[in-house]
>>> print(open('model00.tsv').read())   # TSV, C-alpha atoms
chain	number	residue	atom	x	y	z
A	16	MET	CA	-9.90	-20.09	-17.04
A	17	LYS	CA	-8.88	-21.21	-13.57
A	18	THR	CA	-6.72	-18.88	-11.51
A	19	VAL	CA	-4.47	-19.27	-8.50
A	20	LEU	CA	-7.50	-18.30	-6.39
A	21	ASP	CA	-9.12	-21.63	-7.35
A	22	ILE	CA	-6.32	-23.70	-5.77
A	23	LEU	CA	-7.66	-24.96	-2.43
A	24	ASP	CA	-4.40	-26.06	-0.83
A	25	LEU	CA	-0.93	-24.68	-1.55
A	26	LYS	CA	0.84	-25.94	1.57
A	27	ASN	CA	4.16	-27.54	0.52
A	28	LYS	CA	3.03	-27.62	-3.11
A	29	LYS	CA	5.87	-27.25	-5.60
A	30	VAL	CA	4.88	-24.47	-7.96
A	31	LEU	CA	6.46	-23.65	-11.32
A	32	LEU	CA	5.71	-19.96	-11.82
A	33	ARG	CA	6.18	-18.23	-15.19
A	34	VAL	CA	7.07	-14.57	-14.52
A	35	ASP	CA	8.04	-11.48	-16.54
A	36	PHE	CA	11.59	-10.34	-15.84
A	37	ASP	CA	12.35	-9.20	-19.40
A	38	LEU	CA	13.79	-5.88	-18.25
A	39	PRO	CA	16.13	-3.16	-19.46
A	40	VAL	CA	19.48	-3.47	-17.67
A	41	SER	CA	22.39	-1.00	-17.65
A	42	GLU	CA	25.98	-1.83	-18.55
A	43	LYS	CA	26.61	-2.12	-14.78
A	44	ASP	CA	23.86	-4.79	-14.50
A	45	GLU	CA	21.49	-2.37	-12.81
A	46	ILE	CA	17.78	-2.97	-13.42
A	47	GLN	CA	16.43	0.16	-15.11
A	48	GLU	CA	12.70	-0.43	-14.68
A	49	LYS	CA	11.06	-2.12	-11.68
A	50	PHE	CA	7.41	-1.91	-12.71
A	51	ARG	CA	7.10	-5.38	-14.23
A	52	ILE	CA	8.93	-7.00	-11.30
A	53	GLU	CA	6.66	-5.24	-8.84
A	54	LYS	CA	3.60	-6.51	-10.74
A	55	GLN	CA	4.78	-10.07	-10.04
A	56	LYS	CA	4.97	-9.52	-6.30
A	57	PRO	CA	1.26	-10.00	-5.37
A	58	THR	CA	1.17	-13.50	-6.88
A	59	ILE	CA	4.52	-14.47	-5.35
A	60	ASP	CA	3.38	-13.16	-1.94
A	61	TYR	CA	0.11	-15.06	-2.25
A	62	LEU	CA	1.91	-18.34	-2.92
A	63	ILE	CA	4.55	-17.92	-0.23
A	64	GLU	CA	2.03	-16.89	2.43
A	65	ARG	CA	0.16	-20.13	1.79
A	66	GLY	CA	3.22	-22.32	2.13
A	67	ALA	CA	4.05	-23.06	-1.52
A	68	LYS	CA	7.57	-23.81	-2.73
A	69	VAL	CA	8.07	-21.58	-5.74
A	70	VAL	CA	10.52	-21.79	-8.63
A	71	MET	CA	10.23	-18.97	-11.16
A	72	VAL	CA	11.03	-19.24	-14.86
A	73	ALA	CA	11.49	-16.20	-17.07
A	74	HIS	CA	13.37	-14.93	-20.08
A	75	ILE	CA	15.41	-11.83	-20.72
A	76	SER	CA	16.10	-10.62	-24.23
A	77	ASP	CA	18.71	-7.99	-23.36
A	78	PRO	CA	21.88	-9.28	-25.07
A	79	ASP	CA	24.08	-7.43	-22.57
A	80	VAL	CA	22.83	-9.54	-19.66
A	81	SER	CA	24.87	-12.71	-19.55
A	82	SER	CA	22.92	-14.36	-16.73
A	83	PHE	CA	19.97	-13.89	-14.40
A	84	GLY	CA	22.46	-14.70	-11.64
A	85	GLU	CA	23.81	-11.17	-11.90
A	86	LEU	CA	20.41	-9.69	-11.03
A	87	ILE	CA	19.54	-11.84	-7.99
A	88	PRO	CA	20.49	-9.26	-5.28
A	89	GLN	CA	18.28	-6.61	-6.92
A	90	LEU	CA	15.37	-9.03	-7.36
A	91	HIS	CA	15.64	-9.92	-3.68
A	92	ILE	CA	15.26	-6.25	-2.71
A	93	ILE	CA	12.39	-5.49	-5.10
A	94	LEU	CA	10.39	-8.65	-4.33
A	95	GLY	CA	11.09	-8.69	-0.59
A	96	HIS	CA	11.92	-12.40	-0.64
A	97	GLU	CA	15.12	-14.41	-0.66
A	98	VAL	CA	15.76	-15.40	-4.26
A	99	GLY	CA	18.01	-18.34	-5.10
A	100	PHE	CA	19.60	-18.77	-8.52
A	101	ILE	CA	19.24	-22.15	-10.27
A	102	LYS	CA	21.63	-22.51	-13.18
A	103	ASN	CA	20.42	-25.77	-14.71
A	104	ILE	CA	17.12	-27.62	-14.91
A	105	GLU	CA	18.81	-30.68	-13.40
A	106	ASP	CA	19.47	-28.63	-10.24
A	107	ILE	CA	15.79	-27.86	-9.58
A	108	GLU	CA	15.01	-31.10	-7.72
A	109	LYS	CA	17.89	-30.57	-5.28
A	110	TYR	CA	16.88	-26.95	-4.80
A	111	LEU	CA	13.31	-27.90	-3.97
A	112	ALA	CA	14.49	-30.51	-1.47
A	113	SER	CA	16.32	-27.91	0.64
A	114	TYR	CA	14.24	-24.91	-0.53
A	115	PRO	CA	16.16	-21.90	0.81
A	116	GLY	CA	13.65	-19.45	-0.72
A	117	VAL	CA	12.00	-18.54	-4.00
A	118	GLY	CA	14.07	-19.97	-6.84
A	119	LEU	CA	14.78	-18.46	-10.25
A	120	LEU	CA	15.94	-20.65	-13.11
A	121	GLU	CA	18.47	-19.28	-15.59
A	122	ASN	CA	17.08	-17.48	-18.66
A	123	ILE	CA	14.62	-20.05	-20.00
A	124	ARG	CA	15.35	-19.13	-23.63
A	125	ARG	CA	18.89	-20.42	-23.21
A	126	PHE	CA	17.56	-23.97	-23.11
A	127	PRO	CA	16.95	-25.81	-26.42
A	128	GLY	CA	13.26	-26.58	-26.84
A	129	GLU	CA	11.79	-23.50	-25.16
A	130	ILE	CA	11.17	-21.37	-28.23
A	131	GLU	CA	10.26	-24.44	-30.30
A	132	ASN	CA	7.51	-25.32	-27.78
A	133	ASP	CA	9.04	-28.79	-27.54
A	134	PRO	CA	6.83	-31.08	-25.42
A	135	GLY	CA	9.88	-33.15	-24.44
A	136	PHE	CA	11.53	-30.08	-22.97
A	137	ALA	CA	8.29	-29.05	-21.26
A	138	LYS	CA	8.00	-32.50	-19.67
A	139	ARG	CA	11.58	-32.31	-18.46
A	140	LEU	CA	10.87	-28.90	-16.92
A	141	ALA	CA	7.67	-30.14	-15.28
A	142	ALA	CA	9.60	-33.06	-13.83
A	143	ALA	CA	12.08	-30.60	-12.26
A	144	GLY	CA	14.89	-32.06	-14.32
A	145	SER	CA	14.14	-35.68	-13.52
A	146	PRO	CA	13.97	-38.12	-16.44
A	147	GLU	CA	10.39	-39.15	-15.62
A	148	LEU	CA	7.37	-37.63	-13.91
A	149	VAL	CA	7.02	-39.71	-10.75
A	150	GLU	CA	5.27	-39.47	-7.40
A	151	GLY	CA	7.03	-38.20	-4.31
A	152	SER	CA	9.74	-35.58	-4.20
A	153	LYS	CA	10.29	-35.34	-7.94
A	154	GLY	CA	8.45	-32.94	-10.19
A	155	PHE	CA	6.29	-29.88	-9.73
A	156	ASP	CA	2.71	-30.11	-8.49
A	157	ILE	CA	1.30	-26.99	-10.15
A	158	TYR	CA	2.05	-24.61	-13.00
A	159	ILE	CA	1.01	-20.95	-12.86
A	160	ASN	CA	1.40	-18.50	-15.73
A	161	ASN	CA	1.76	-14.94	-14.43
A	162	ASP	CA	3.58	-13.59	-17.49
A	163	PHE	CA	0.99	-11.89	-19.66
A	164	ALA	CA	3.65	-10.23	-21.80
A	165	VAL	CA	4.84	-13.56	-23.22
A	166	SER	CA	1.39	-15.14	-23.56
A	167	HIS	CA	1.25	-14.39	-27.28
A	168	ARG	CA	4.23	-16.74	-27.73
A	169	ASN	CA	3.75	-20.45	-28.34
A	170	HIS	CA	6.74	-21.43	-26.18
A	171	ALA	CA	7.29	-24.47	-23.97
A	172	SER	CA	7.12	-22.68	-20.61
A	173	VAL	CA	3.91	-20.97	-21.77
A	174	SER	CA	2.00	-23.57	-23.77
A	175	ALA	CA	3.40	-27.13	-23.81
A	176	ILE	CA	4.00	-27.14	-20.04
A	177	THR	CA	0.23	-27.11	-19.43
A	178	GLU	CA	0.01	-30.64	-20.87
A	179	PHE	CA	1.98	-32.03	-17.91
A	180	LEU	CA	0.83	-30.06	-14.85
A	181	PRO	CA	-2.45	-28.72	-13.44
A	182	SER	CA	-2.32	-25.16	-14.76
A	183	TYR	CA	-3.68	-21.82	-13.57
A	184	ALA	CA	-3.45	-18.11	-14.29
A	185	GLY	CA	-1.73	-15.86	-11.79
A	186	LEU	CA	-3.23	-12.71	-10.29
A	187	LEU	CA	-1.55	-10.50	-12.87
A	188	ILE	CA	-3.00	-12.35	-15.86
A	189	LYS	CA	-6.41	-12.31	-14.16
A	190	GLU	CA	-6.19	-8.52	-13.88
A	191	GLU	CA	-4.78	-8.03	-17.39
A	192	VAL	CA	-7.57	-9.99	-19.03
A	193	ALA	CA	-10.33	-8.20	-17.10
A	194	ARG	CA	-8.97	-4.69	-17.77
A	195	LEU	CA	-8.11	-5.27	-21.41
A	196	GLN	CA	-11.42	-6.94	-22.18
A	197	LYS	CA	-13.19	-3.76	-21.07
A	198	ALA	CA	-11.28	-1.79	-23.70
A	199	ALA	CA	-11.75	-4.49	-26.34
A	200	ASP	CA	-15.51	-4.46	-25.81
A	201	ALA	CA	-15.75	-0.66	-26.10
A	202	PRO	CA	-17.52	0.71	-29.22
A	203	LYS	CA	-15.46	1.54	-32.29
A	204	ASN	CA	-16.52	5.18	-32.26
A	205	GLY	CA	-14.33	7.09	-29.83
A	206	LYS	CA	-11.62	4.41	-29.62
A	207	VAL	CA	-8.18	5.79	-30.48
A	208	VAL	CA	-5.13	3.55	-30.75
A	209	VAL	CA	-1.60	4.99	-30.65
A	210	VAL	CA	1.08	2.67	-32.05
A	211	GLY	CA	4.80	3.45	-32.19
A	212	GLY	CA	8.12	1.84	-31.34
A	213	ALA	CA	10.51	-0.27	-33.35
A	214	LYS	CA	8.80	-3.65	-33.84
A	215	ALA	CA	6.74	-2.97	-36.94
A	216	LYS	CA	6.61	-6.66	-37.91
A	217	THR	CA	4.57	-7.58	-34.84
A	218	LYS	CA	2.37	-4.48	-34.95
A	219	VAL	CA	1.18	-4.38	-38.56
A	220	PRO	CA	-1.08	-7.46	-38.26
A	221	VAL	CA	-2.64	-5.91	-35.17
A	222	ILE	CA	-3.13	-2.56	-36.92
A	223	LYS	CA	-5.02	-4.37	-39.69
A	224	LYS	CA	-7.44	-5.78	-37.13
A	225	PHE	CA	-7.81	-2.44	-35.35
A	226	LEU	CA	-9.12	-0.89	-38.56
A	227	ASP	CA	-12.32	-2.85	-37.83
A	228	SER	CA	-12.53	-1.97	-34.14
A	229	ALA	CA	-11.04	1.52	-33.68
A	230	GLU	CA	-12.01	4.94	-34.99
A	231	LEU	CA	-8.45	6.23	-35.40
A	232	ILE	CA	-4.95	4.73	-35.34
A	233	LEU	CA	-2.13	7.20	-34.72
A	234	LEU	CA	1.25	5.96	-35.96
A	235	GLY	CA	4.79	6.78	-34.86
A	236	GLY	CA	8.17	5.08	-34.87
A	237	VAL	CA	9.21	2.54	-37.47
A	238	VAL	CA	5.71	1.50	-38.48
A	239	ALA	CA	4.94	5.12	-39.41
A	240	ASN	CA	8.20	5.26	-41.39
A	241	ASP	CA	7.21	2.13	-43.29
A	242	VAL	CA	3.82	3.57	-44.23
A	243	LEU	CA	5.34	6.88	-45.30
A	244	LYS	CA	7.93	5.04	-47.39
A	245	GLU	CA	5.25	3.06	-49.20
A	246	ARG	CA	3.30	6.27	-49.78
A	247	GLY	CA	6.31	7.48	-51.72
A	248	GLN	CA	7.98	9.80	-49.23
A	249	ASP	CA	11.76	10.08	-49.21
A	250	MET	CA	12.83	8.66	-45.82
A	251	GLY	CA	16.52	9.58	-46.07
A	252	ASP	CA	18.52	7.42	-43.67
A	253	SER	CA	15.58	6.84	-41.31
A	254	VAL	CA	14.96	3.38	-39.91
A	255	VAL	CA	12.59	1.49	-42.20
A	256	ASP	CA	11.97	-2.18	-42.84
A	257	ALA	CA	13.63	-3.45	-46.01
A	258	ASN	CA	10.54	-5.59	-46.69
A	259	SER	CA	8.03	-2.82	-45.91
A	260	LYS	CA	5.95	-3.50	-49.02
A	261	GLU	CA	5.52	-7.15	-48.05
A	262	LEU	CA	5.04	-6.22	-44.39
A	263	LEU	CA	2.22	-3.79	-45.18
A	264	SER	CA	0.54	-6.08	-47.69
A	265	GLY	CA	-3.19	-6.18	-47.02
A	266	LEU	CA	-3.15	-2.93	-45.04
A	267	ASP	CA	-4.89	0.05	-46.62
A	268	ILE	CA	-2.07	2.55	-46.06
A	269	ASN	CA	-4.25	5.37	-47.41
A	270	SER	CA	-7.13	4.71	-45.01
A	271	LEU	CA	-8.49	7.86	-43.37
A	272	GLN	CA	-8.38	5.96	-40.08
A	273	LEU	CA	-4.57	5.88	-40.23
A	274	LEU	CA	-2.91	9.10	-39.11
A	275	VAL	CA	0.80	9.41	-39.90
A	276	PRO	CA	3.25	12.16	-38.94
A	277	GLU	CA	3.06	15.40	-40.95
A	278	ASP	CA	6.33	16.83	-39.67
A	279	PHE	CA	9.41	15.49	-37.95
A	280	VAL	CA	12.51	16.13	-35.91
A	281	VAL	CA	15.40	15.12	-38.17
A	282	PHE	CA	19.05	14.64	-37.27
A	283	ASP	CA	21.82	13.30	-39.50
A	284	ASN	CA	19.23	12.69	-42.26
A	285	LYS	CA	17.16	10.47	-39.93
A	286	ILE	CA	13.66	10.95	-38.57
A	287	LEU	CA	14.03	10.60	-34.80
A	288	ASP	CA	10.81	12.12	-33.47
A	289	ILE	CA	7.45	13.52	-34.56
A	290	GLY	CA	7.15	17.29	-35.06
A	291	GLU	CA	5.02	19.99	-33.41
A	292	LYS	CA	2.14	19.85	-35.94
A	293	THR	CA	1.87	16.10	-35.54
A	294	ILE	CA	1.99	16.35	-31.75
A	295	GLN	CA	-0.92	18.80	-31.81
A	296	LYS	CA	-2.91	16.72	-34.28
A	297	TYR	CA	-2.43	13.54	-32.23
A	298	ALA	CA	-3.16	15.34	-28.94
A	299	ASP	CA	-6.42	16.71	-30.39
A	300	ALA	CA	-7.49	13.21	-31.45
A	301	VAL	CA	-6.71	11.88	-27.97
A	302	SER	CA	-8.68	14.70	-26.31
A	303	ARG	CA	-11.85	13.69	-28.17
A	304	ALA	CA	-11.53	9.95	-27.45
A	305	SER	CA	-13.57	7.85	-25.05
A	306	VAL	CA	-10.99	5.02	-25.05
A	307	VAL	CA	-7.26	5.43	-25.68
A	308	ILE	CA	-4.83	2.53	-26.15
A	309	TRP	CA	-1.14	3.37	-26.42
A	310	ASN	CA	1.77	1.08	-27.23
A	311	GLY	CA	5.18	2.28	-28.37
A	312	PRO	CA	7.06	5.60	-28.25
A	313	MET	CA	6.89	8.19	-31.03
A	314	GLY	CA	10.66	8.52	-31.42
A	315	LEU	CA	14.06	7.95	-29.88
A	316	PHE	CA	12.83	8.90	-26.40
A	317	GLU	CA	16.00	7.62	-24.71
A	318	ASN	CA	17.75	10.74	-25.99
A	319	PRO	CA	16.25	13.92	-24.44
A	320	ALA	CA	16.70	15.74	-27.75
A	321	PHE	CA	14.20	13.37	-29.38
A	322	SER	CA	11.81	12.64	-26.50
A	323	THR	CA	9.43	15.60	-26.93
A	324	GLY	CA	6.93	13.76	-29.13
A	325	THR	CA	6.64	10.77	-26.83
A	326	GLN	CA	6.44	12.97	-23.72
A	327	ASN	CA	3.75	15.25	-25.17
A	328	ILE	CA	1.61	12.34	-26.33
A	329	ALA	CA	2.01	10.71	-22.91
A	330	GLU	CA	0.90	13.94	-21.23
A	331	ALA	CA	-2.09	14.29	-23.57
A	332	ILE	CA	-3.21	10.75	-22.78
A	333	ALA	CA	-2.65	11.24	-19.03
A	334	ILE	CA	-4.96	14.28	-18.84
A	335	SER	CA	-7.60	12.80	-21.15
A	336	ASP	CA	-11.03	11.91	-19.73
A	337	ALA	CA	-10.97	8.67	-21.73
A	338	TYR	CA	-10.52	5.17	-20.37
A	339	LYS	CA	-6.75	4.96	-20.82
A	340	ILE	CA	-4.65	1.82	-21.27
A	341	ILE	CA	-0.93	1.87	-22.02
A	342	GLY	CA	1.55	-0.97	-22.31
A	343	GLY	CA	4.76	-2.32	-23.72
A	344	GLY	CA	8.27	-2.32	-22.29
A	345	ASP	CA	9.45	0.83	-24.10
A	346	THR	CA	6.23	2.66	-23.25
A	347	ILE	CA	6.63	1.87	-19.56
A	348	SER	CA	10.30	2.84	-19.69
A	349	ALA	CA	9.38	6.16	-21.28
A	350	ILE	CA	6.79	6.97	-18.62
A	351	SER	CA	9.30	6.06	-15.92
A	352	LYS	CA	11.78	8.43	-17.55
A	353	PHE	CA	9.34	11.35	-17.66
A	354	ARG	CA	9.23	12.23	-13.96
A	355	ASN	CA	6.38	14.71	-14.37
A	356	ILE	CA	3.91	12.02	-15.48
A	357	ASP	CA	2.25	9.99	-12.74
A	358	MET	CA	1.65	6.34	-13.72
A	359	SER	CA	-1.59	6.45	-11.71
A	360	LYS	CA	-3.08	8.86	-14.27
A	361	PHE	CA	-3.65	5.89	-16.57
A	362	ASP	CA	-6.55	3.55	-15.88
A	363	PHE	CA	-4.38	0.52	-16.54
A	364	VAL	CA	-0.73	-0.05	-17.36
A	365	SER	CA	-0.36	-3.42	-19.08
A	366	THR	CA	2.85	-5.39	-18.74
A	367	GLY	CA	2.28	-6.66	-22.26
A	368	GLY	CA	3.40	-5.08	-25.50
A	369	GLY	CA	2.67	-7.34	-28.43
A	370	ALA	CA	0.44	-9.46	-26.19
A	371	MET	CA	-1.62	-6.45	-25.17
A	372	LEU	CA	-2.19	-5.31	-28.75
A	373	ALA	CA	-2.93	-8.84	-29.96
A	374	PHE	CA	-5.51	-9.38	-27.20
A	375	LEU	CA	-7.20	-6.03	-27.83
A	376	ALA	CA	-7.35	-6.74	-31.55
A	377	GLY	CA	-9.15	-10.02	-30.91
A	378	GLN	CA	-6.33	-12.45	-31.62
A	379	ARG	CA	-6.15	-15.68	-29.63
A	380	LEU	CA	-3.11	-15.77	-27.34
A	381	PRO	CA	-1.49	-19.24	-27.06
A	382	GLY	CA	-0.70	-18.74	-23.37
A	383	LEU	CA	-4.34	-17.95	-22.55
A	384	GLU	CA	-5.60	-20.69	-24.83
A	385	ALA	CA	-3.43	-23.20	-22.94
A	386	LEU	CA	-5.10	-22.09	-19.71
A	387	GLY	CA	-8.57	-22.58	-21.16
A	388	TYR	CA	-9.50	-18.93	-21.51
A	389	TYR	CA	-11.27	-19.33	-24.86
A	390	ARG	CA	-13.38	-22.34	-23.97
>>> encode(input="model00.tsv", output="structure tokens")
Amino acid sequence: MKTVLDILDLKNKKVLLRVDFDLPVSEKDEIQEKFRIEKQKPTIDYLIERGAKVVMVAHISDPDVSSFGELIPQLHIILGHEVGFIKNIEDIEKYLASYPGVGLLENIRRFPGEIENDPGFAKRLAAAGSPELVEGSKGFDIYINNDFAVSHRNHASVSAITEFLPSYAGLLIKEEVARLQKAADAPKNGKVVVVGGAKAKTKVPVIKKFLDSAELILLGGVVANDVLKERGQDMGDSVVDANSKELLSGLDINSLQLLVPEDFVVFDNKILDIGEKTIQKYADAVSRASVVIWNGPMGLFENPAFSTGTQNIAEAIAISDAYKIIGGGDTISAISKFRNIDMSKFDFVSTGGGAMLAFLAGQRLPGLEALGYYR
């Protein structure tokens, strides 16, 4: 896999840079978590310092954010570069001609063809909005993927785009792959995986694979609720997947490797956090581990009344002597919320959620495959 470090000359090169700006934003359009933006800065700095003309593409899934344009002033401060907003793909060519600073295209998922991995859309993007890829001022020269978190998606700005431009991995993806591979290669014995959060659909396939490569899997959040439901426990009004039986098909829900909560914090007939016995049981498992991988909170951590489980597990992992990797947007947000936990206590904080788990479980990520990582 070639990286940005393999590009010999970046002077005046027009670079299409895939970045991760999928961030939690308040009702007042204030960015709530800067970590993933800050992780983009080294690659952006590297390109700008070498004279490249950079246009960033990203997506944001927060339905309350109507446009990236609203976040430009904050991005400028965090990145330390002038950031110009580009509303339409057809405006990219004009922007590059004057190039007032690093550009950011509107939410890429707003454009038809992105999620479908449409090669026609990818070609249009590579051509900077021009109808054809031609020599001269039109079109990008280079594509760089620096968005590890979306690399498990087969989308146009991740996969199909590599068919039309010389393509490279950014510094962040280079680091992600190296750090995560170390954990993936670690022996099964002593490897503990902690999985929580709300997206059970994306995590169950990964859990199935981890049964072959991890000693213990500690469950929280919705995926734990689904397992408990299928074991016959009354879940009250707790959040569970309606298709939990189908979702868990092929997973041995009674495996001794799967640890599920024994007690809970319940409010309004809903499980909203793990209880004290479960916290202790999970913390003990973490303390004996040689490798710990954590993705997803244990409960509704946004509410202080239901954040104890997530905070205690985070603290247990932070003080562990194991090689510690954490990741996922909600996990990062939780750590940022718990002021007493230093992010530097973890050996690596991945910007990926589903991508991190998929990589560690041995799945092939389309974004990495497009860059030639598996050759």
>>> closest_residue(input="model00.tsv", among="A:Gly367, A:Glu129, A:Ile286, A:Pro134", to="Phe36 (chain A)", atoms="all atoms listed in the file")
A:Gly367
>>> closest_residue(input="model00.tsv", among="A:Gln272, A:Ser302, A:Ser182, A:Asn169", to="Leu234 (chain A)", atoms="all atoms listed in the file")
A:Gln272
>>> atom_distance(input="model00.tsv", atom1="CA of Val242 (chain A)", atom2="CA of Leu375 (chain A)")
22.0 Å
>>> closest_atom_pairs(input="model00.tsv", of="region 20-110 of chain A", to="region 352-363 of chain A", cutoff="12 Å", atoms="all atoms listed in the file", output="tab-separated table")
residue	atom	partner	partner_atom	distance
A:Gln47	CA	A:Lys352	CA	9.8
A:Glu48	CA	A:Lys352	CA	9.4
A:Phe50	CA	A:Met358	CA	10.1
>>> closest_residue(input="model00.tsv", among="A:Lys49, A:Asp133, A:Leu386, A:Ala329", to="Tyr158 (chain A)", atoms="only C-alpha atoms")
A:Leu386
>>> residues_around(input="model00.tsv", residues="Ser76 (chain A)", least_positions_apart="3", cutoff="10 Å", atoms="only C-alpha atoms", output="JSON list (two decimals) with C-alpha atoms, keeping the file's coordinate frame")
[["chain", "number", "residue", "atom", "x", "y", "z"],
["A", 36, "PHE", "CA", 11.59, -10.34, -15.84],
["A", 37, "ASP", "CA", 12.35, -9.20, -19.40],
["A", 38, "LEU", "CA", 13.79, -5.88, -18.25],
["A", 39, "PRO", "CA", 16.13, -3.16, -19.46],
["A", 79, "ASP", "CA", 24.08, -7.43, -22.57],
["A", 80, "VAL", "CA", 22.83, -9.54, -19.66],
["A", 122, "ASN", "CA", 17.08, -17.48, -18.66],
["A", 124, "ARG", "CA", 15.35, -19.13, -23.63]]
>>> atom_distance(input="model00.tsv", atom1="CA of Gly342 (chain A)", atom2="CA of Arg194 (chain A)")
12.0 Å
>>> atom_distance(input="model00.tsv", atom1="CA of Leu140 (chain A)", atom2="CA of Ile101 (chain A)")
12.6 Å
>>> residues_around(input="model00.tsv", residues="Asp267 (chain A)", least_positions_apart="2", cutoff="12 Å", atoms="all atoms listed in the file", output="mmCIF file with C-alpha atoms, in the frame of the given file")
data_model
loop_
_atom_site.group_PDB
_atom_site.id
_atom_site.type_symbol
_atom_site.label_atom_id
_atom_site.label_comp_id
_atom_site.auth_asym_id
_atom_site.auth_seq_id
_atom_site.Cartn_x
_atom_site.Cartn_y
_atom_site.Cartn_z
ATOM 1 C CA VAL A 219 1.180 -4.380 -38.560
ATOM 2 C CA PRO A 220 -1.080 -7.460 -38.260
ATOM 3 C CA ILE A 222 -3.130 -2.560 -36.920
ATOM 4 C CA LYS A 223 -5.020 -4.370 -39.690
ATOM 5 C CA LYS A 224 -7.440 -5.780 -37.130
ATOM 6 C CA PHE A 225 -7.810 -2.440 -35.350
ATOM 7 C CA LEU A 226 -9.120 -0.890 -38.560
ATOM 8 C CA ASP A 227 -12.320 -2.850 -37.830
ATOM 9 C CA VAL A 242 3.820 3.570 -44.230
ATOM 10 C CA GLU A 245 5.250 3.060 -49.200
ATOM 11 C CA ARG A 246 3.300 6.270 -49.780
ATOM 12 C CA LYS A 260 5.950 -3.500 -49.020
ATOM 13 C CA LEU A 262 5.040 -6.220 -44.390
ATOM 14 C CA LEU A 263 2.220 -3.790 -45.180
ATOM 15 C CA SER A 264 0.540 -6.080 -47.690
ATOM 16 C CA GLY A 265 -3.190 -6.180 -47.020
ATOM 17 C CA ASN A 269 -4.250 5.370 -47.410
ATOM 18 C CA SER A 270 -7.130 4.710 -45.010
ATOM 19 C CA LEU A 271 -8.490 7.860 -43.370
ATOM 20 C CA GLN A 272 -8.380 5.960 -40.080
ATOM 21 C CA LEU A 273 -4.570 5.880 -40.230
ATOM 22 C CA LEU A 274 -2.910 9.100 -39.110
#
>>> closest_residue(input="model00.tsv", among="A:Leu233, A:Leu94, A:Leu31, A:Val301", to="Pro181 (chain A)", atoms="all atoms listed in the file")
A:Leu31
>>> residues_near_point(input="model00.tsv", point="(19.3, -12.6, -7.0)", cutoff="10 Å", atoms="all atoms listed in the file", output="mmCIF file with C-alpha atoms, in the frame of the given file")
data_model
loop_
_atom_site.group_PDB
_atom_site.id
_atom_site.type_symbol
_atom_site.label_atom_id
_atom_site.label_comp_id
_atom_site.auth_asym_id
_atom_site.auth_seq_id
_atom_site.Cartn_x
_atom_site.Cartn_y
_atom_site.Cartn_z
ATOM 1 C CA PHE A 83 19.970 -13.890 -14.400
ATOM 2 C CA GLY A 84 22.460 -14.700 -11.640
ATOM 3 C CA GLU A 85 23.810 -11.170 -11.900
ATOM 4 C CA LEU A 86 20.410 -9.690 -11.030
ATOM 5 C CA ILE A 87 19.540 -11.840 -7.990
ATOM 6 C CA PRO A 88 20.490 -9.260 -5.280
ATOM 7 C CA GLN A 89 18.280 -6.610 -6.920
ATOM 8 C CA LEU A 90 15.370 -9.030 -7.360
ATOM 9 C CA HIS A 91 15.640 -9.920 -3.680
ATOM 10 C CA ILE A 92 15.260 -6.250 -2.710
ATOM 11 C CA HIS A 96 11.920 -12.400 -0.640
ATOM 12 C CA GLU A 97 15.120 -14.410 -0.660
ATOM 13 C CA VAL A 98 15.760 -15.400 -4.260
ATOM 14 C CA GLY A 99 18.010 -18.340 -5.100
ATOM 15 C CA PHE A 100 19.600 -18.770 -8.520
ATOM 16 C CA VAL A 117 12.000 -18.540 -4.000
ATOM 17 C CA GLY A 118 14.070 -19.970 -6.840
ATOM 18 C CA LEU A 119 14.780 -18.460 -10.250
#
>>> residues_around(input="model00.tsv", residues="Pro319 (chain A)", least_positions_apart="3", cutoff="12 Å", atoms="only C-alpha atoms", output="ChimeraX atom specification")
/A:287-288,314-316,322-326,349,352-353
>>> closest_residue(input="model00.tsv", among="A:Ser351, A:Gln295, A:Ser113, A:Thr177", to="Glu277 (chain A)", atoms="all atoms listed in the file")
A:Gln295
>>> residues_near_point(input="model00.tsv", point="(4.3, -20.5, -12.9)", cutoff="9 Å", atoms="all atoms listed in the file", output="VMD selection string")
chain A and resid 30 to 34 69 to 72 157 to 162 172 to 173 182 to 185
>>> residues_around(input="model00.tsv", residues="region 278-284 of chain A", least_positions_apart="3", cutoff="10 Å", atoms="all atoms listed in the file", output="PDB file with C-alpha atoms, in the coordinates of the input")
ATOM      1  CA  MET A 250      12.830   8.660 -45.820  1.00  0.00           C
ATOM      2  CA  GLY A 251      16.520   9.580 -46.070  1.00  0.00           C
ATOM      3  CA  ASP A 252      18.520   7.420 -43.670  1.00  0.00           C
ATOM      4  CA  SER A 253      15.580   6.840 -41.310  1.00  0.00           C
ATOM      5  CA  VAL A 275       0.800   9.410 -39.900  1.00  0.00           C
ATOM      6  CA  LEU A 287      14.030  10.600 -34.800  1.00  0.00           C
ATOM      7  CA  ASP A 288      10.810  12.120 -33.470  1.00  0.00           C
ATOM      8  CA  ILE A 289       7.450  13.520 -34.560  1.00  0.00           C
ATOM      9  CA  GLY A 290       7.150  17.290 -35.060  1.00  0.00           C
ATOM     10  CA  GLU A 291       5.020  19.990 -33.410  1.00  0.00           C
ATOM     11  CA  LYS A 292       2.140  19.850 -35.940  1.00  0.00           C
ATOM     12  CA  THR A 293       1.870  16.100 -35.540  1.00  0.00           C
ATOM     13  CA  ILE A 294       1.990  16.350 -31.750  1.00  0.00           C
ATOM     14  CA  GLY A 314      10.660   8.520 -31.420  1.00  0.00           C
ATOM     15  CA  ALA A 320      16.700  15.740 -27.750  1.00  0.00           C
ATOM     16  CA  PHE A 321      14.200  13.370 -29.380  1.00  0.00           C
ATOM     17  CA  THR A 323       9.430  15.600 -26.930  1.00  0.00           C
ATOM     18  CA  GLY A 324       6.930  13.760 -29.130  1.00  0.00           C
TER      19      GLY A 324
END
